[in-house]
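Shown next: my_file36.txt, containing compact mmCIF, C-alpha atoms.
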# COMPACT_ATOMS: atom_id res chain seq x y z
CA MET A 1 -17.50 -14.57 31.05
CA LYS A 2 -14.21 -13.20 32.36
CA ASN A 3 -12.26 -15.39 29.93
CA LYS A 4 -14.28 -14.06 26.98
CA PHE A 5 -13.68 -10.48 28.12
CA VAL A 6 -9.92 -11.11 28.36
CA VAL A 7 -9.93 -12.67 24.87
CA PHE A 8 -11.78 -9.66 23.44
CA ILE A 9 -9.33 -7.23 25.03
CA LEU A 10 -6.30 -9.15 23.74
CA ALA A 11 -7.82 -9.42 20.25
CA ALA A 12 -8.56 -5.68 20.21
CA LEU A 13 -5.01 -4.81 21.26
CA ALA A 14 -3.61 -7.17 18.63
CA LEU A 15 -5.74 -5.62 15.88
CA LEU A 16 -4.72 -2.10 16.92
CA ALA A 17 -1.02 -3.00 16.99
CA LEU A 18 -1.04 -5.10 13.79
CA PRO A 19 -0.52 -2.29 11.22
CA LEU A 20 2.12 -0.60 13.39
CA VAL A 21 4.12 -3.83 13.38
CA ALA A 22 3.40 -4.68 9.74
CA GLN A 23 4.58 -1.30 8.42
CA HIS A 24 8.13 -2.15 9.58
CA PHE A 25 8.10 -4.89 6.91
CA GLY A 26 6.81 -2.48 4.25
CA GLN A 27 3.68 -0.48 3.53
CA GLY A 28 2.61 -3.16 1.07
CA TRP A 29 1.73 -5.54 3.91
CA VAL A 30 -0.43 -2.92 5.62
CA ARG A 31 -2.17 -2.28 2.31
CA ILE A 32 -2.89 -6.00 1.88
CA ILE A 33 -4.40 -6.19 5.38
CA ALA A 34 -6.50 -3.05 4.79
CA LEU A 35 -7.89 -4.45 1.52
CA ALA A 36 -8.62 -7.73 3.30
CA LEU A 37 -10.80 -5.78 5.77
CA LEU A 38 -12.72 -4.32 2.84
CA TYR A 39 -13.39 -7.85 1.59
CA VAL A 40 -14.56 -8.79 5.10
CA LEU A 41 -17.10 -5.96 4.84
CA LEU A 42 -18.25 -7.27 1.45
CA ALA A 43 -18.48 -10.86 2.69
CA LEU A 44 -20.55 -9.81 5.71
CA GLY A 45 -23.00 -8.07 3.38
CA LEU A 46 -23.30 -11.05 1.06
CA ASN A 47 -23.71 -13.33 4.06
CA ILE A 48 -27.01 -11.58 4.82
CA VAL A 49 -28.32 -12.51 1.37
CA VAL A 50 -26.74 -15.95 0.92
CA GLY A 51 -26.11 -17.13 4.48
CA TYR A 52 -29.22 -15.86 6.26
CA ALA A 53 -31.90 -15.64 3.56
CA GLY A 54 -30.54 -18.43 1.33
CA LEU A 55 -30.67 -16.32 -1.87
CA LEU A 56 -27.75 -17.14 -4.18
CA ASP A 57 -26.55 -13.74 -5.44
CA LEU A 58 -23.78 -13.75 -8.06
CA GLY A 59 -24.13 -10.05 -8.87
CA PHE A 60 -23.14 -8.61 -5.50
CA VAL A 61 -20.19 -6.78 -7.05
CA ALA A 62 -22.73 -4.45 -8.72
CA PHE A 63 -23.45 -2.76 -5.37
CA TYR A 64 -19.70 -2.50 -4.80
CA ALA A 65 -19.44 -0.66 -8.13
CA VAL A 66 -22.39 1.63 -7.34
CA GLY A 67 -20.77 2.80 -4.10
CA ALA A 68 -17.35 3.23 -5.71
CA TYR A 69 -18.58 5.28 -8.67
CA MET A 70 -20.87 7.36 -6.47
CA TYR A 71 -17.96 8.50 -4.32
CA ALA A 72 -15.65 8.89 -7.33
CA LEU A 73 -18.11 11.25 -9.03
CA LEU A 74 -18.68 13.27 -5.85
CA ALA A 75 -15.02 13.51 -4.86
CA SER A 76 -13.23 14.05 -8.18
CA PRO A 77 -13.16 16.97 -10.68
CA HIS A 78 -14.67 14.80 -13.43
CA LEU A 79 -18.21 16.22 -13.25
CA ALA A 80 -16.97 19.82 -13.04
CA GLU A 81 -14.81 19.27 -16.13
CA ASN A 82 -17.69 17.86 -18.17
CA PHE A 83 -20.62 19.93 -16.90
CA GLN A 84 -20.17 23.70 -16.85
CA TRP A 85 -23.14 24.35 -14.57
CA ILE A 86 -21.57 22.12 -11.88
CA ALA A 87 -18.27 24.01 -12.21
CA ASP A 88 -20.12 27.33 -11.82
CA ALA A 89 -22.09 26.12 -8.81
CA LEU A 90 -19.06 24.54 -7.08
CA PRO A 91 -15.94 26.47 -8.09
CA ASN A 92 -13.88 24.82 -5.32
CA GLY A 93 -15.16 21.33 -6.07
CA LEU A 94 -17.41 19.06 -4.04
CA HIS A 95 -15.32 17.52 -1.24
CA THR A 96 -17.76 15.15 0.45
CA PRO A 97 -17.05 14.30 4.13
CA ILE A 98 -17.36 10.79 5.48
CA TRP A 99 -20.60 11.31 7.40
CA VAL A 100 -22.28 12.19 4.09
CA VAL A 101 -20.55 9.47 2.07
CA ILE A 102 -21.50 6.48 4.23
CA PRO A 103 -25.28 7.13 4.44
CA LEU A 104 -25.42 8.17 0.79
CA ALA A 105 -23.53 5.10 -0.43
CA ALA A 106 -25.62 2.81 1.78
CA GLY A 107 -28.89 4.38 0.63
CA LEU A 108 -28.03 4.34 -3.07
CA ALA A 109 -26.87 0.72 -2.90
CA ALA A 110 -30.02 -0.25 -0.96
CA ILE A 111 -32.17 1.24 -3.74
CA ALA A 112 -30.16 -0.78 -6.27
CA GLY A 113 -30.71 -3.87 -4.11
CA VAL A 114 -34.48 -3.36 -4.11
CA LEU A 115 -34.42 -2.80 -7.88
CA LEU A 116 -32.60 -6.11 -8.28
CA GLY A 117 -34.77 -7.98 -5.80
CA THR A 118 -38.17 -6.88 -7.09
CA PRO A 119 -38.17 -8.80 -10.42
CA VAL A 120 -36.53 -11.94 -8.98
CA LEU A 121 -38.81 -12.55 -5.98
CA LYS A 122 -40.26 -15.76 -7.45
CA LEU A 123 -36.90 -17.17 -8.56
CA ARG A 124 -34.83 -19.60 -6.53
CA GLY A 125 -31.64 -21.58 -6.86
CA ASP A 126 -29.88 -21.65 -10.22
CA TYR A 127 -32.36 -19.31 -11.91
CA LEU A 128 -31.83 -16.63 -9.25
CA ALA A 129 -28.05 -17.00 -9.58
CA ILE A 130 -28.20 -16.51 -13.36
CA VAL A 131 -30.41 -13.40 -13.12
CA THR A 132 -28.25 -11.76 -10.44
CA LEU A 133 -25.14 -12.61 -12.44
CA GLY A 134 -26.67 -10.78 -15.39
CA PHE A 135 -27.48 -7.77 -13.19
CA GLY A 136 -23.85 -7.53 -12.10
CA GLU A 137 -22.65 -7.67 -15.69
CA ILE A 138 -25.19 -5.03 -16.77
CA ILE A 139 -23.85 -2.58 -14.18
CA ARG A 140 -20.26 -3.23 -15.31
CA VAL A 141 -21.18 -2.74 -18.97
CA PHE A 142 -23.00 0.49 -18.12
CA MET A 143 -19.95 1.83 -16.26
CA ASN A 144 -17.82 0.85 -19.23
CA ASN A 145 -19.96 2.67 -21.81
CA LEU A 146 -21.45 5.71 -20.07
CA GLU A 147 -19.11 8.18 -21.76
CA HIS A 148 -21.20 8.80 -24.91
CA PRO A 149 -23.11 10.92 -25.68
CA VAL A 150 -22.59 12.39 -22.19
CA ASN A 151 -19.39 11.52 -20.36
CA ILE A 152 -20.48 10.36 -16.90
CA THR A 153 -18.17 7.47 -15.98
CA ASN A 154 -15.27 8.17 -18.39
CA GLY A 155 -15.72 4.69 -19.82
CA PRO A 156 -12.92 2.13 -19.61
CA ARG A 157 -10.39 4.84 -18.70
CA GLY A 158 -11.98 5.13 -15.28
CA LEU A 159 -12.05 8.03 -12.83
CA ASP A 160 -8.91 9.34 -11.15
CA ARG A 161 -7.89 12.22 -8.86
CA ILE A 162 -10.37 11.03 -6.25
CA ASP A 163 -10.14 12.75 -2.87
CA PRO A 164 -9.14 10.64 0.12
CA MET A 165 -11.77 10.04 2.76
CA SER A 166 -12.07 12.99 5.13
CA ILE A 167 -13.82 14.23 8.27
CA GLY A 168 -15.04 17.80 8.57
CA VAL A 169 -15.42 20.65 6.13
CA HIS A 170 -12.65 21.14 3.57
CA ASP A 171 -10.17 23.97 4.35
CA SER A 172 -11.52 24.34 7.91
CA PRO A 173 -9.43 24.07 11.12
CA PHE A 174 -11.25 20.86 12.08
CA PHE A 175 -10.61 19.14 8.74
CA PHE A 176 -8.98 15.71 8.88
CA SER A 177 -7.95 13.67 5.85
CA PHE A 178 -7.09 9.99 5.88
CA GLY A 179 -4.75 10.65 2.98
CA ARG A 180 -2.30 12.64 5.09
CA PRO A 181 0.11 10.96 7.51
CA ILE A 182 0.14 11.94 11.17
CA ASP A 183 3.37 12.80 13.00
CA ILE A 184 3.45 12.04 16.72
CA GLY A 185 6.84 13.28 17.84
CA GLU A 186 9.36 11.41 15.72
CA TYR A 187 6.91 8.62 14.90
CA ARG A 188 4.86 8.83 11.71
CA ILE A 189 1.57 7.03 11.15
CA SER A 190 1.12 6.67 7.40
CA SER A 191 -2.15 7.17 5.52
CA VAL A 192 -2.40 3.42 4.83
CA VAL A 193 -2.44 2.76 8.58
CA LEU A 194 -5.14 5.40 9.05
CA TYR A 195 -7.27 3.71 6.41
CA TYR A 196 -6.71 0.39 8.18
CA TYR A 197 -8.19 1.82 11.37
CA LEU A 198 -11.13 3.28 9.43
CA PHE A 199 -11.87 -0.05 7.77
CA LEU A 200 -11.45 -1.87 11.09
CA ALA A 201 -14.02 0.43 12.73
CA LEU A 202 -16.47 -0.22 9.88
CA VAL A 203 -15.94 -3.98 10.16
CA VAL A 204 -16.56 -3.93 13.93
CA LEU A 205 -19.75 -1.90 13.40
CA SER A 206 -20.85 -4.30 10.66
CA VAL A 207 -20.26 -7.34 12.87
CA ILE A 208 -22.43 -5.79 15.59
CA ILE A 209 -25.19 -5.04 13.07
CA CYS A 210 -25.02 -8.56 11.58
CA HIS A 211 -25.11 -10.18 15.02
CA ARG A 212 -28.12 -8.11 16.06
CA LEU A 213 -29.86 -8.97 12.80
CA GLU A 214 -29.12 -12.67 13.23
CA THR A 215 -30.71 -12.82 16.68
CA SER A 216 -33.66 -10.58 15.80
CA ARG A 217 -37.09 -11.50 14.47
CA ILE A 218 -35.96 -10.41 11.02
CA GLY A 219 -32.98 -12.76 11.13
CA ARG A 220 -35.14 -15.67 12.25
CA ALA A 221 -37.57 -14.90 9.43
CA TRP A 222 -34.72 -14.95 6.90
CA MET A 223 -33.53 -18.31 8.22
CA ALA A 224 -37.06 -19.70 8.06
CA ILE A 225 -37.25 -18.65 4.40
CA ARG A 226 -33.86 -20.25 3.80
CA GLU A 227 -34.93 -23.59 5.28
CA ASP A 228 -38.45 -23.78 3.74
CA GLU A 229 -40.07 -20.81 2.05
CA ILE A 230 -43.51 -22.46 1.80
CA ALA A 231 -43.53 -23.29 5.51
CA ALA A 232 -42.36 -19.77 6.35
CA LYS A 233 -45.19 -18.28 4.30
CA ALA A 234 -47.67 -20.63 6.02
CA MET A 235 -46.45 -19.35 9.40
CA GLY A 236 -47.40 -15.80 8.42
CA ILE A 237 -44.00 -14.45 7.31
CA ASN A 238 -44.20 -11.90 4.52
CA THR A 239 -41.59 -13.57 2.33
CA ARG A 240 -41.75 -10.85 -0.32
CA ASN A 241 -40.80 -8.04 2.06
CA MET A 242 -38.24 -10.17 3.87
CA LYS A 243 -36.45 -11.01 0.62
CA LEU A 244 -36.41 -7.37 -0.48
CA LEU A 245 -35.07 -6.39 2.95
CA ALA A 246 -32.30 -8.99 2.65
CA PHE A 247 -31.25 -7.66 -0.76
CA ALA A 248 -31.35 -4.06 0.49
CA MET A 249 -29.46 -4.74 3.74
CA GLY A 250 -26.78 -6.76 1.98
CA ALA A 251 -26.40 -4.10 -0.69
CA THR A 252 -25.74 -1.37 1.89
CA PHE A 253 -22.55 -3.16 2.96
CA GLY A 254 -21.46 -3.38 -0.67
CA GLY A 255 -22.12 0.32 -1.29
CA VAL A 256 -20.14 1.45 1.76
CA SER A 257 -17.28 -0.89 0.83
CA GLY A 258 -17.22 0.52 -2.69
CA SER A 259 -16.97 4.12 -1.49
CA MET A 260 -14.10 3.18 0.82
CA PHE A 261 -12.36 1.34 -2.01
CA ALA A 262 -12.57 4.40 -4.29
CA ALA A 263 -11.14 6.67 -1.59
CA PHE A 264 -8.39 4.18 -0.73
CA GLN A 265 -7.30 3.55 -4.32
CA GLY A 266 -7.84 7.06 -5.66
CA PHE A 267 -8.93 5.49 -8.95
CA VAL A 268 -11.82 3.31 -10.13
CA SER A 269 -12.49 1.59 -13.43
CA PRO A 270 -14.93 -1.10 -14.63
CA GLU A 271 -12.14 -3.70 -14.53
CA SER A 272 -12.27 -3.66 -10.72
CA PHE A 273 -15.85 -4.98 -10.72
CA SER A 274 -15.68 -8.06 -12.92
CA LEU A 275 -17.58 -11.32 -12.52
CA MET A 276 -14.51 -12.87 -10.90
CA GLU A 277 -14.87 -10.45 -8.00
CA SER A 278 -18.44 -11.63 -7.37
CA ILE A 279 -17.36 -15.26 -7.49
CA MET A 280 -14.54 -14.61 -5.03
CA ILE A 281 -16.91 -12.89 -2.58
CA VAL A 282 -19.32 -15.85 -2.79
CA ALA A 283 -16.37 -18.21 -2.25
CA MET A 284 -15.39 -16.28 0.89
CA VAL A 285 -18.84 -16.85 2.38
CA VAL A 286 -19.04 -20.52 1.36
CA LEU A 287 -15.49 -21.46 2.35
CA GLY A 288 -15.74 -19.68 5.68
CA GLY A 289 -19.14 -21.05 6.66
CA MET A 290 -22.46 -19.68 5.43
CA GLY A 291 -24.56 -17.92 8.04
CA HIS A 292 -21.76 -17.84 10.64
CA ILE A 293 -20.12 -14.45 11.19
CA PRO A 294 -16.71 -15.71 12.50
CA GLY A 295 -16.50 -18.19 9.63
CA VAL A 296 -17.31 -15.54 7.03
CA ILE A 297 -14.62 -13.25 8.47
CA LEU A 298 -12.09 -16.10 8.41
CA GLY A 299 -12.96 -17.02 4.83
CA ALA A 300 -12.73 -13.40 3.65
CA LEU A 301 -9.36 -12.82 5.30
CA MET A 302 -7.95 -16.05 3.93
CA LEU A 303 -9.09 -15.60 0.32
CA ALA A 304 -8.24 -11.89 0.28
CA MET A 305 -4.70 -12.32 1.62
CA LEU A 306 -3.83 -15.70 0.11
CA PRO A 307 -3.31 -14.43 -3.47
CA GLU A 308 -0.96 -11.69 -2.25
CA VAL A 309 0.98 -14.02 0.02
CA LEU A 310 1.34 -16.55 -2.80
CA ARG A 311 3.07 -13.91 -4.91
CA TYR A 312 6.14 -14.55 -2.80
CA VAL A 313 5.80 -18.34 -3.13
CA ALA A 314 4.91 -18.56 -6.82
CA GLY A 315 8.24 -17.08 -7.90
CA ASP A 316 10.25 -19.76 -6.08
CA VAL A 317 8.03 -22.54 -7.44
CA GLN A 318 8.39 -21.07 -10.93
CA ASN A 319 12.18 -21.24 -10.61
CA LEU A 320 11.90 -24.95 -9.78
CA THR A 321 10.15 -25.51 -13.11
CA GLY A 322 12.85 -23.64 -14.99
CA GLY A 323 10.51 -20.71 -15.71
CA ARG A 324 8.26 -22.78 -17.98
CA ILE A 325 5.11 -21.83 -15.99
CA ASP A 326 3.99 -18.22 -15.72
CA ALA A 327 3.98 -16.95 -12.12
CA ALA A 328 0.45 -15.48 -12.35
CA ILE A 329 -0.99 -18.75 -13.69
CA LEU A 330 0.87 -20.73 -11.04
CA ARG A 331 -0.51 -18.44 -8.32
CA GLN A 332 -4.08 -19.01 -9.52
CA LEU A 333 -3.40 -22.76 -9.61
CA LEU A 334 -2.22 -22.72 -5.98
CA ILE A 335 -5.30 -20.74 -4.92
CA ALA A 336 -7.59 -23.23 -6.69
CA LEU A 337 -5.83 -26.18 -5.05
CA ALA A 338 -6.20 -24.56 -1.63
CA MET A 339 -9.95 -23.98 -2.19
CA ILE A 340 -10.50 -27.56 -3.40
CA SER A 341 -8.62 -28.94 -0.38
CA ILE A 342 -10.73 -26.90 2.03
CA MET A 343 -13.98 -28.06 0.44
CA LEU A 344 -12.89 -31.70 0.55
CA LEU A 345 -11.73 -31.57 4.16
CA ARG A 346 -14.37 -29.13 5.48
CA PRO A 347 -17.50 -29.40 3.30
CA ARG A 348 -19.52 -27.01 5.50
CA GLY A 349 -16.73 -24.41 5.64
CA LEU A 350 -13.75 -23.63 7.80
CA TRP A 351 -15.88 -22.45 10.72
CA PRO A 352 -19.51 -23.49 10.13
CA ALA A 353 -22.48 -22.58 12.27
CA ARG A 354 -23.89 -25.08 14.72
CA GLU A 355 -26.66 -27.28 13.45
CA HIS A 356 -30.03 -26.67 15.04
CA GLY A 357 -33.17 -28.73 15.21
CA LYS A 358 -31.58 -32.19 15.34
CA ALA A 359 -32.33 -34.72 18.05
CA VAL A 360 -29.80 -35.09 20.82
CA GLN A 361 -27.81 -38.29 20.50
CA VAL A 362 -28.12 -40.43 23.67
CA PRO A 363 -24.96 -42.43 24.46
CA GLU A 364 -25.21 -46.21 24.57
CA GLY A 365 -25.06 -47.98 27.95
CA PRO A 366 -27.21 -48.87 30.98
CA ALA A 367 -28.46 -45.30 31.29
CA HIS A 368 -29.42 -45.41 27.64
CA GLU A 369 -31.47 -48.59 28.17
CA ARG A 370 -33.26 -47.09 31.20
CA LEU A 371 -34.07 -43.95 29.18
CA ARG A 372 -35.47 -46.03 26.36
CA ALA A 373 -37.54 -48.02 28.87
CA ASP A 374 -38.93 -44.83 30.41
CA GLU A 375 -39.75 -43.42 26.98
CA GLN A 376 -41.74 -46.46 25.88
CA ILE A 377 -45.38 -45.66 25.15
CA PRO A 378 -47.70 -47.71 27.37
CA PRO A 379 -49.78 -50.26 25.47
CA GLU A 380 -53.22 -49.13 24.42
CA THR A 381 -55.83 -50.34 26.91
CA THR A 382 -59.40 -51.28 26.04
CA PRO A 383 -61.84 -49.00 27.84
CA VAL A 384 -64.31 -50.62 30.24
CA LEU A 385 -67.86 -50.02 28.99
CA PRO A 386 -71.01 -50.01 31.11
CA PRO A 387 -73.22 -53.13 30.92
CA GLY A 388 -75.40 -53.26 27.84
CA GLU A 389 -73.16 -51.01 25.65
CA LYS A 390 -71.14 -52.28 22.72
CA SER A 391 -67.75 -50.99 21.72
Turn this file's structure into structure tokens for me.
Amino acid sequence: MKNKFVVFILAALALLALPLVAQHFGQGWVRIIALALLYVLLALGLNIVVGYAGLLDLGFVAFYAVGAYMYALLASPHLAENFQWIADALPNGLHTPIWVVIPLAAGLAAIAGVLLGTPVLKLRGDYLAIVTLGFGEIIRVFMNNLEHPVNITNGPRGLDRIDPMSIGVHDSPFFFSFGRPIDIGEYRISSVVLYYYLFLALVVLSVIICHRLETSRIGRAWMAIREDEIAAKAMGINTRNMKLLAFAMGATFGGVSGSMFAAFQGFVSPESFSLMESIMIVAMVVLGGMGHIPGVILGALMLAMLPEVLRYVAGDVQNLTGGRIDAAILRQLLIALAMISIMLLRPRGLWPAREHGKAVQVPEGPAHERLRADEQIPPETTPVLPPGEKS
């Protein structure tokens, strides 16, 4: 127990010091790490649907888009510029604080998750994957075209001038913005580092929630549905409600991640929520280890940071080929080779969950023979009947 406590303390100190060290090598590295934490948040949400409940969801990026556009509309002047009654009601703009953003994004995404889950309750496997894939594409197409006849999403041009995430009421003495750096003496903590700490806090909270869900009755019900839905229903589990709850709970993580992404980038467009994003999030869960929180975190960090790290490698490899291969294509090729290698060497993921329900293997030897002898079922004996009775 003491060793685990020491490991947790050292890991916490390392995570707190990581951006302060990384910013000496450039703000770009801190930004890469912060975005990787956002992908961890997304992967943890999808792990509830895919890893716990066993529902293959290829449209998870739709909830990411819902959260991002919700915050972009509430924290940018777009609505005031297109709707006069909003400009009259809010002359100073609507600057939404973080304690309103997180519950609102989670609730809106949860509603979208229930709307997705309701018509697909009877689908499983490939059919469920195709329907959820279509749902994700529908959301992206809607965001891309909702500028006529009423301009809501600004179409493919996206929404810009989005406020950074903030705490407190705007223009009040207790207002704090994550978009402004903090000066402590001569040392400056940049806004990217502040966002890193915000995302880290959300990831820690999400890990606690996921762990509690995994060990709860709800988590065990999800895993029973994943292993055998018919048997779970026979045991009295309401599979319909449990599936809807899995979709809603997973979607909340996606909605919160999307709102943080919009605040961090300051700009959102439909291109950020393509099918490739959904596939990458699913790959993070599968490569890390479905249903295992540490494995999902490892897979998300690796796949989120690997493309950025390979930017520095792809250029050198391109020079070796005389510039005949484009650097972007070469980078995607290296990522694909890394994913194939992992699946060949670790079919159940980098850090899979322990297998449950299998018989314990007894080692061979004298003790094994004695155990087998003790376990032998005694031969069936013929009962002794009273005189005059027939068997």
Of the candidates A:Ser206, A:Thr252, A:Asn3, A:Gln84, which shows the shortest atom-to-atom distance to Gly107 (chain A), using all atoms listed in the file?
A:Thr252
Go ahead and find all residues with at least one atom no further than 7 Å from (-16.8, -24.4, 5.1) in the file's coordinates, using all atoms listed in the file; report them as number ranges by chain.
A: 286-289, 343, 346-352
Near-Ala62 (chain A) list (12 Å; all atoms listed in the file; drop same-chain fewer than 5 positions) as a PyMOL selection string:
chain A and resi 42+46+57+67-69+108-110+112-113+115-116+132-143+250-255+257-258+270+272-278+281
Choose the residue, out of A:Leu79, A:Ile33, A:Gly291, A:Asn47, that has the smallest atom-to-atom separation from Asn154 (chain A); count all atoms listed in the file.
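Distance minimum relative to Asn154 (chain A) lands on A:Leu79.
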Which residues, protein or nucleic acid, reach to within 12 Å of (-15.5, -5.0, 16.1) in the file's coordinates when using all atoms listed in the file, and can you give that as a short mmCIF file (atom, residue, chain, number, x, y, z; two decimals) with C-alpha atoms, keeping the file's coordinate frame?
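Result went into selection-v8.cif, see below:
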data_model
loop_
_atom_site.label_atom_id
_atom_site.label_comp_id
_atom_site.auth_asym_id
_atom_site.auth_seq_id
_atom_site.Cartn_x
_atom_site.Cartn_y
_atom_site.Cartn_z
CA PHE A 8 -11.78 -9.66 23.44
CA ILE A 9 -9.33 -7.23 25.03
CA ALA A 11 -7.82 -9.42 20.25
CA ALA A 12 -8.56 -5.68 20.21
CA LEU A 13 -5.01 -4.81 21.26
CA LEU A 15 -5.74 -5.62 15.88
CA LEU A 16 -4.72 -2.10 16.92
CA LEU A 37 -10.80 -5.78 5.77
CA VAL A 40 -14.56 -8.79 5.10
CA LEU A 41 -17.10 -5.96 4.84
CA TYR A 197 -8.19 1.82 11.37
CA LEU A 198 -11.13 3.28 9.43
CA PHE A 199 -11.87 -0.05 7.77
CA LEU A 200 -11.45 -1.87 11.09
CA ALA A 201 -14.02 0.43 12.73
CA LEU A 202 -16.47 -0.22 9.88
CA VAL A 203 -15.94 -3.98 10.16
CA VAL A 204 -16.56 -3.93 13.93
CA LEU A 205 -19.75 -1.90 13.40
CA SER A 206 -20.85 -4.30 10.66
CA VAL A 207 -20.26 -7.34 12.87
CA ILE A 208 -22.43 -5.79 15.59
CA ILE A 209 -25.19 -5.04 13.07
CA CYS A 210 -25.02 -8.56 11.58
CA HIS A 211 -25.11 -10.18 15.02
CA ILE A 293 -20.12 -14.45 11.19
CA PRO A 294 -16.71 -15.71 12.50
CA ILE A 297 -14.62 -13.25 8.47
#
Using CA of Ile98 (chain A) and CA of Ser76 (chain A) as the two end points, give the distance in Å to one decimal.
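Distance between the two atoms: 14.6 Å.
When all atoms listed in the file are used to compute distances to Gly125 (chain A), the closest of the residues A:Leu301, A:Ala65, A:Leu58, A:Val100 turns out to be A:Leu58.
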Figure out the distance between CA of Met70 (chain A) and CA of Trp99 (chain A), please, to one decimal in Å.
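Between CA of Trp99 (chain A) and CA of Met70 (chain A) the gap is 14.4 Å.
Taking CA of Gly185 (chain A) and CA of Phe264 (chain A) as the two end points, the separation is 25.7 Å.
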From the list A:Met260, A:Pro97, A:Ile86, A:His292, which residue is nearest Thr215 (chain A) when using only C-alpha atoms?
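Checking each of A:Met260, A:Pro97, A:Ile86, A:His292 against Thr215 (chain A), counting only C-alpha atoms, the winner is A:His292.
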Please identify all polymer residues within 10 Å of Val193 (chain A), counting all atoms listed in the file, omitting same-chain residues fewer than 6 positions from it, and present them as a PDB file with C-alpha atoms, in the frame of the given file.
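Written file, out.pdb:
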ATOM      1  CA  LEU A  16      -4.720  -2.100  16.920  1.00  0.00           C
ATOM      2  CA  LEU A  18      -1.040  -5.100  13.790  1.00  0.00           C
ATOM      3  CA  PRO A  19      -0.520  -2.290  11.220  1.00  0.00           C
ATOM      4  CA  LEU A  20       2.120  -0.600  13.390  1.00  0.00           C
ATOM      5  CA  ALA A  22       3.400  -4.680   9.740  1.00  0.00           C
ATOM      6  CA  GLN A  23       4.580  -1.300   8.420  1.00  0.00           C
ATOM      7  CA  GLN A  27       3.680  -0.480   3.530  1.00  0.00           C
ATOM      8  CA  VAL A  30      -0.430  -2.920   5.620  1.00  0.00           C
ATOM      9  CA  ARG A  31      -2.170  -2.280   2.310  1.00  0.00           C
ATOM     10  CA  ILE A  33      -4.400  -6.190   5.380  1.00  0.00           C
ATOM     11  CA  ALA A  34      -6.500  -3.050   4.790  1.00  0.00           C
ATOM     12  CA  PHE A 178      -7.090   9.990   5.880  1.00  0.00           C
ATOM     13  CA  GLY A 179      -4.750  10.650   2.980  1.00  0.00           C
ATOM     14  CA  PRO A 181       0.110  10.960   7.510  1.00  0.00           C
ATOM     15  CA  ILE A 182       0.140  11.940  11.170  1.00  0.00           C
ATOM     16  CA  PHE A 199     -11.870  -0.050   7.770  1.00  0.00           C
TER      17      PHE A 199
END
